[in-house]
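Data from data34.tsv: TSV, C-alpha atoms and all ligand atoms
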```
chain	number	residue	atom	x	y	z
E	1	MET	CA	0.00	0.00	0.00
E	2	ALA	CA	1.13	3.55	-0.73
E	3	MET	CA	2.44	5.15	2.44
E	4	PRO	CA	1.05	8.59	3.26
E	5	THR	CA	3.11	11.09	1.24
E	6	HIS	CA	2.87	13.42	4.20
E	7	PRO	CA	2.47	12.44	7.85
E	8	GLU	CA	-0.31	15.01	8.18
E	9	VAL	CA	-2.41	13.49	5.43
E	10	PRO	CA	-5.57	12.01	6.98
E	11	ARG	CA	-5.49	8.25	7.19
E	12	HIS	CA	-9.25	8.09	6.74
E	13	LEU	CA	-11.27	10.68	4.82
E	14	ALA	CA	-15.08	10.70	4.93
E	15	VAL	CA	-17.21	12.71	2.50
E	16	ILE	CA	-20.82	13.88	2.45
E	17	MET	CA	-21.31	14.31	-1.30
E	18	ASP	CA	-24.02	16.95	-1.41
E	19	GLY	CA	-25.36	19.29	-4.08
E	20	ASN	CA	-25.89	17.07	-7.13
E	21	GLY	CA	-29.47	18.34	-7.42
E	22	ARG	CA	-28.45	22.00	-7.11
E	23	TRP	CA	-25.66	21.49	-9.66
E	24	ALA	CA	-28.21	20.13	-12.14
E	25	LYS	CA	-30.80	22.80	-11.38
E	26	SER	CA	-28.33	25.60	-11.99
E	27	ARG	CA	-27.78	24.16	-15.46
E	28	GLY	CA	-31.44	23.53	-16.19
E	29	LEU	CA	-30.80	19.77	-16.17
E	30	PRO	CA	-32.81	16.97	-14.50
E	31	ARG	CA	-31.60	15.86	-11.05
E	32	LYS	CA	-30.38	12.55	-12.41
E	33	ALA	CA	-27.89	14.42	-14.61
E	34	GLY	CA	-26.50	15.83	-11.37
E	35	HIS	CA	-26.11	12.36	-9.90
E	36	ARG	CA	-24.41	11.20	-13.11
E	37	ALA	CA	-21.93	14.07	-12.84
E	38	GLY	CA	-21.52	13.19	-9.16
E	39	ALA	CA	-20.55	9.64	-10.05
E	40	GLU	CA	-17.75	11.05	-12.24
E	41	THR	CA	-16.48	12.98	-9.24
E	42	VAL	CA	-16.46	9.72	-7.26
E	43	ARG	CA	-13.96	8.37	-9.79
E	44	GLU	CA	-11.78	11.45	-9.36
E	45	ALA	CA	-12.03	11.20	-5.58
E	46	VAL	CA	-10.72	7.64	-5.52
E	47	ASP	CA	-7.82	8.56	-7.80
E	48	VAL	CA	-6.73	11.67	-5.94
E	49	CYS	CA	-7.03	10.02	-2.51
E	50	GLN	CA	-4.91	7.14	-3.72
E	51	GLU	CA	-2.35	9.56	-5.17
E	52	MET	CA	-2.14	11.33	-1.81
E	53	GLY	CA	-1.68	8.14	0.18
E	54	ILE	CA	-5.03	8.21	1.98
E	55	GLU	CA	-5.75	4.68	3.21
E	56	PHE	CA	-9.54	4.80	3.70
E	57	LEU	CA	-12.17	6.82	1.85
E	58	THR	CA	-15.80	6.64	3.01
E	59	LEU	CA	-18.45	8.14	0.73
E	60	TYR	CA	-22.04	8.82	1.79
E	61	ALA	CA	-23.63	7.50	-1.41
E	62	PHE	CA	-27.19	6.79	-0.21
E	63	SER	CA	-28.68	7.56	3.19
E	64	SER	CA	-31.52	5.82	5.02
E	65	GLU	CA	-33.49	9.03	4.50
E	66	ASN	CA	-32.87	8.93	0.73
E	67	TRP	CA	-35.50	6.13	0.52
E	68	ASN	CA	-38.05	8.94	0.98
E	69	ARG	CA	-37.12	10.55	-2.36
E	70	PRO	CA	-39.38	10.12	-5.42
E	71	GLU	CA	-39.30	6.56	-6.74
E	72	LYS	CA	-37.88	7.69	-10.07
E	73	GLU	CA	-34.90	9.37	-8.44
E	74	ILE	CA	-34.19	6.33	-6.25
E	75	GLU	CA	-34.34	4.17	-9.36
E	76	ALA	CA	-31.88	6.44	-11.18
E	77	LEU	CA	-29.47	6.40	-8.24
E	78	MET	CA	-29.61	2.61	-7.96
E	79	LYS	CA	-29.02	2.21	-11.69
E	80	LEU	CA	-26.08	4.57	-11.47
E	81	LEU	CA	-24.62	2.67	-8.55
E	82	GLU	CA	-25.03	-0.64	-10.34
E	83	ARG	CA	-23.39	0.70	-13.48
E	84	PHE	CA	-20.58	2.21	-11.43
E	85	LEU	CA	-19.94	-1.17	-9.79
E	86	LYS	CA	-20.15	-3.05	-13.08
E	87	THR	CA	-17.54	-0.85	-14.71
E	88	LYS	CA	-15.23	-0.83	-11.71
E	89	THR	CA	-14.09	-4.41	-11.34
E	90	ARG	CA	-11.20	-4.26	-13.78
E	91	GLU	CA	-10.13	-0.77	-12.76
E	92	PHE	CA	-10.14	-1.64	-9.05
E	93	ALA	CA	-8.00	-4.69	-9.79
E	94	LYS	CA	-5.52	-2.57	-11.71
E	95	LYS	CA	-5.43	0.18	-9.11
E	96	ASN	CA	-5.39	-2.21	-6.14
E	97	VAL	CA	-8.59	-0.71	-4.65
E	98	ARG	CA	-10.49	-2.70	-2.01
E	99	LEU	CA	-14.24	-2.07	-1.94
E	100	LYS	CA	-16.28	-2.24	1.25
E	101	ALA	CA	-19.80	-1.14	2.21
E	102	ILE	CA	-21.53	0.03	5.37
E	103	GLY	CA	-25.26	0.43	5.92
E	104	GLN	CA	-28.37	-1.70	5.56
E	105	THR	CA	-27.30	-3.05	2.18
E	106	HIS	CA	-29.98	-5.78	2.35
E	107	ARG	CA	-32.46	-3.00	1.47
E	108	LEU	CA	-30.82	-2.38	-1.92
E	109	PRO	CA	-32.42	-3.89	-5.04
E	110	ASP	CA	-31.23	-7.47	-5.61
E	111	SER	CA	-29.29	-6.74	-8.80
E	112	CYS	CA	-27.46	-3.88	-7.13
E	113	ARG	CA	-26.63	-5.87	-4.03
E	114	ALA	CA	-25.41	-8.80	-6.12
E	115	GLU	CA	-23.04	-6.51	-8.03
E	116	LEU	CA	-21.83	-4.98	-4.78
E	117	GLU	CA	-21.14	-8.40	-3.26
E	118	LYS	CA	-19.33	-9.46	-6.41
E	119	VAL	CA	-16.97	-6.45	-6.48
E	120	MET	CA	-16.31	-6.71	-2.75
E	121	ALA	CA	-15.41	-10.38	-3.10
E	122	GLU	CA	-13.19	-9.73	-6.10
E	123	THR	CA	-11.30	-6.89	-4.43
E	124	LYS	CA	-11.07	-8.24	-0.89
E	125	ASP	CA	-7.35	-9.03	-1.07
E	126	ASN	CA	-6.35	-5.71	-2.64
E	127	THR	CA	-3.92	-3.78	-0.46
E	128	GLY	CA	-4.27	-0.22	-1.82
E	129	ILE	CA	-6.90	2.30	-0.77
E	130	THR	CA	-10.09	0.97	0.86
E	131	LEU	CA	-13.16	2.61	-0.66
E	132	ILE	CA	-16.11	2.32	1.72
E	133	LEU	CA	-19.53	3.10	0.26
E	134	ALA	CA	-22.20	4.09	2.77
E	135	LEU	CA	-25.36	2.65	1.20
E	136	SER	CA	-28.78	2.79	2.79
E	137	TYR	CA	-26.73	4.11	5.68
E	138	GLY	CA	-27.91	5.98	8.75
E	139	SER	CA	-25.79	6.36	11.85
E	140	ARG	CA	-28.66	6.00	14.31
E	141	GLU	CA	-29.83	2.86	12.54
E	142	GLU	CA	-26.26	1.52	12.68
E	143	ILE	CA	-26.04	2.21	16.42
E	144	ALA	CA	-29.44	0.57	16.99
E	145	ASP	CA	-28.32	-2.49	15.00
E	146	ALA	CA	-25.09	-2.68	17.01
E	147	THR	CA	-27.02	-2.37	20.28
E	148	ARG	CA	-29.28	-5.23	19.23
E	149	ARG	CA	-26.25	-7.43	18.44
E	150	ILE	CA	-24.71	-6.60	21.82
E	151	ALA	CA	-28.00	-7.33	23.62
E	152	VAL	CA	-28.20	-10.75	21.98
E	153	LYS	CA	-24.70	-11.55	23.25
E	154	VAL	CA	-25.58	-10.39	26.76
E	155	GLN	CA	-28.75	-12.47	26.67
E	156	SER	CA	-26.85	-15.58	25.65
E	157	GLY	CA	-24.18	-15.01	28.31
E	158	GLU	CA	-21.42	-14.43	25.76
E	159	LEU	CA	-20.95	-10.88	27.03
E	160	ASP	CA	-21.16	-9.39	30.53
E	161	ALA	CA	-23.28	-6.20	30.57
E	162	GLY	CA	-20.94	-4.64	33.13
E	163	GLU	CA	-18.06	-4.90	30.70
E	164	ILE	CA	-19.67	-2.93	27.88
E	165	GLY	CA	-17.48	0.04	27.02
E	166	ASN	CA	-16.68	2.32	24.08
E	167	ASP	CA	-14.65	-0.44	22.47
E	168	THR	CA	-17.60	-2.85	22.66
E	169	ILE	CA	-19.83	-0.40	20.79
E	170	ALA	CA	-17.15	0.38	18.18
E	171	ALA	CA	-16.56	-3.32	17.61
E	172	HIS	CA	-20.25	-3.89	16.79
E	173	LEU	CA	-20.67	-1.01	14.34
E	174	ASP	CA	-20.49	-1.59	10.57
E	175	THR	CA	-17.15	0.24	10.67
E	176	ALA	CA	-15.56	-2.12	13.22
E	177	GLU	CA	-12.64	-2.96	10.95
E	178	PHE	CA	-11.78	0.63	9.99
E	179	PRO	CA	-10.06	3.43	11.92
E	180	ASP	CA	-12.21	6.50	12.69
E	181	PRO	CA	-12.17	9.22	10.00
E	182	ASP	CA	-9.66	12.02	10.62
E	183	LEU	CA	-11.31	14.47	8.24
E	184	LEU	CA	-14.87	15.02	7.03
E	185	ILE	CA	-15.53	16.96	3.84
E	186	ARG	CA	-19.07	18.17	3.13
E	187	THR	CA	-19.85	19.88	-0.15
E	188	SER	CA	-22.55	22.43	-1.02
E	189	GLY	CA	-22.31	24.38	2.19
E	190	GLU	CA	-24.67	22.68	4.63
E	191	LEU	CA	-23.44	22.63	8.23
E	192	ARG	CA	-25.05	19.34	9.25
E	193	LEU	CA	-23.95	15.74	9.87
E	194	SER	CA	-27.19	14.34	8.41
E	195	ASN	CA	-27.01	11.07	10.38
E	196	PHE	CA	-23.54	10.23	9.01
E	197	LEU	CA	-20.98	8.41	11.20
E	198	LEU	CA	-22.10	10.15	14.40
E	199	TRP	CA	-20.01	7.91	16.64
E	200	GLN	CA	-16.99	7.66	14.36
E	201	LEU	CA	-16.63	11.40	13.65
E	202	SER	CA	-16.29	12.32	17.35
E	203	TYR	CA	-12.75	13.68	16.92
E	204	ALA	CA	-12.68	14.42	13.18
E	205	GLU	CA	-11.81	17.77	11.64
E	206	PHE	CA	-14.52	19.25	9.40
E	207	TYR	CA	-14.01	20.91	6.03
E	208	ILE	CA	-17.13	22.51	4.56
E	209	THR	CA	-17.10	23.95	1.06
E	210	SER	CA	-19.83	25.79	-0.81
E	211	LYS	CA	-18.97	23.95	-4.05
E	212	ASN	CA	-21.47	21.35	-5.21
E	213	TRP	CA	-20.17	17.79	-5.36
E	214	PRO	CA	-19.92	17.59	-9.19
E	215	ASP	CA	-17.76	20.77	-9.10
E	216	PHE	CA	-15.40	19.38	-6.47
E	217	HIS	CA	-12.31	18.31	-8.38
E	218	LYS	CA	-8.82	16.99	-7.65
E	219	ALA	CA	-7.43	20.46	-6.88
E	220	ASP	CA	-10.25	20.97	-4.36
E	221	PHE	CA	-9.41	17.69	-2.63
E	222	ARG	CA	-5.77	18.74	-2.46
E	223	GLU	CA	-6.77	22.09	-0.97
E	224	ALA	CA	-8.93	20.38	1.68
E	225	ILE	CA	-6.10	18.04	2.62
E	226	GLU	CA	-3.62	20.91	2.71
E	227	ASN	CA	-6.01	22.83	4.98
E	228	TYR	CA	-6.19	19.78	7.28
E	229	SER	CA	-2.39	19.45	7.29
E	230	ARG	CA	-1.98	23.12	8.22
E	231	ARG	CA	-4.31	22.71	11.19
E	232	HIS	CA	-2.28	19.75	12.35
E	233	ARG	CA	1.02	21.54	12.02
E	234	ARG	CA	-0.39	24.44	14.03
E	235	PHE	CA	-1.77	22.19	16.76
E	236	GLY	CA	1.56	20.39	16.87
E	237	ARG	CA	3.30	23.60	17.88
E	238	VAL	CA	1.22	24.46	20.96
X	1	LIG	C1	-26.61	14.54	-2.72
X	1	LIG	O1	-27.09	15.39	-3.73
X	1	LIG	C2	-26.13	13.28	-3.22
X	1	LIG	C3	-26.79	12.08	-3.13
X	1	LIG	C4	-28.13	11.93	-2.58
X	1	LIG	C5	-26.22	10.83	-3.55
X	1	LIG	C6	-24.76	10.79	-3.89
X	1	LIG	C7	-24.62	10.00	-5.12
X	1	LIG	C8	-23.65	10.17	-6.07
X	1	LIG	C9	-22.53	11.11	-5.90
X	1	LIG	C10	-23.66	9.42	-7.35
X	1	LIG	C11	-23.68	7.94	-7.26
X	1	LIG	C12	-22.70	7.36	-6.34
X	1	LIG	C13	-21.84	6.38	-6.66
X	1	LIG	C14	-20.99	5.77	-5.60
X	1	LIG	C15	-21.70	5.90	-8.03
X	1	LIG	P1	-28.57	15.94	-3.59
X	1	LIG	O2	-29.40	15.22	-4.59
X	1	LIG	O3	-29.03	15.86	-2.19
X	1	LIG	O4	-28.33	17.44	-4.00
X	1	LIG	P2	-29.22	18.67	-3.57
X	1	LIG	O5	-29.10	18.78	-2.08
X	1	LIG	O6	-28.58	19.79	-4.30
X	1	LIG	O7	-30.62	18.39	-4.03
```

Representation of the structure as structure tokens:
Amino acid sequence: MAMPTHPEVPRHLAVIMDGNGRWAKSRGLPRKAGHRAGAETVREAVDVCQEMGIEFLTLYAFSSENWNRPEKEIEALMKLLERFLKTKTREFAKKNVRLKAIGQTHRLPDSCRAELEKVMAETKDNTGITLILALSYGSREEIADATRRIAVKVQSGELDAGEIGNDTIAAHLDTAEFPDPDLLIRTSGELRLSNFLLWQLSYAEFYITSKNWPDFHKADFREAIENYSRRHRRFGRV
């Protein structure tokens, strides 16, 4: 795996990819054109993060709340995701990308989930960047699921309730095998977490930009990382 090119590069970057709809609207295009452009930015994101030596990249691709969008838009997003996965297998092999997912992926349409499982299986031994797609993901739902799993273990006697600590919770979340994100980027200017990685972002730095996701390019990623590095250098001095 590529070592971080700079010790102050985040090990794990998480992104709330927002503003596809606004990007499309400002061009008089349908929302799905915004999502299509957003998927292109996902490709750029993986490349630039790999170039910079980031080890984990988590993308909020579809939230639990997104199921409330019009059926047509959900359908377009699922199709886009499926196509993205279908075209990725060879590229991920070449670029040594490992694909993972968090969220209630059992809620995805069968064909989409099958493609996801396939790419995850095919890339599981890759040692480069780990791309984690948050799909049908909601942090509160994740914490509730983890709590249920812990309760089952307590009930069966496998776990002692008195011994439940932070580590126990972390170990039962979907993200158990990943380090916590060091940096969160949110595009299109909203100052909200929107039910994304509430537990895991406890100590993360935030970088909010007014740019819409389809307008967020490699140079913007580099600027966000440089901003993060500067903060770290400054904190290091005091
Ligand atoms: C927010 O824009 C974005 C989403 C709801 C989904 C993100 C999806 C993609 C970037 C494309 C597909 C992903 C992959 C991994 C291929 P919005 O629709 O909420 O924008 P708005 O707030 O301007 O309406």

Exercise answer, 10 Å around ligand LIG 1 (chain X) with all atoms listed in the file, as a PyMOL selection string: chain E and resi 16-26+31-43+59-63+65-67+69+73-74+76-85+131-135+187-190+212-214

Pick the closest to E:Ile208 from E:Ile225, E:Ile169, E:Ile185, E:Ala114: which is it, counting all atoms listed in the file?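 Among the listed residues, the smallest separation from E:Ile208 belongs to E:Ile185.
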
For the atom pair atom CA of E:Glu205 and atom CA of E:Leu184, what is the interatomic distance in Å to one decimal place?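 Atom CA of E:Leu184 lies 6.2 Å from atom CA of E:Glu205.
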
When you count only C-alpha atoms, which of these residues is closest to E:Ala146: E:Arg107, E:Arg90, E:Trp199, E:Cys112? E:Trp199

Go through E:Gly28, E:Pro109, E:Gly103, E:Pro10 and flag the residue nearest E:Leu173, using all atoms listed in the file for the distances.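 Checking each of E:Gly28, E:Pro109, E:Gly103, E:Pro10 against E:Leu173, counting all atoms listed in the file, the winner is E:Gly103.
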
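Put simply, atom CA of E:Leu29 is 23.7 Å away from atom CA of E:Lys218.
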
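Going from atom CA of E:Thr87 over to atom CA of E:Gly138, you cover 26.5 Å.
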
Could you put an axis-aligned box around every listed atom of stretch 97-105 of chain E, padded by 4 Å on each side, and send me its centre and edge lengths in Å to one decimal, as JSON?
```
{"center_x": -18.5, "center_y": -1.3, "center_z": 0.6, "size_x": 27.8, "size_y": 11.5, "size_z": 18.6}
```
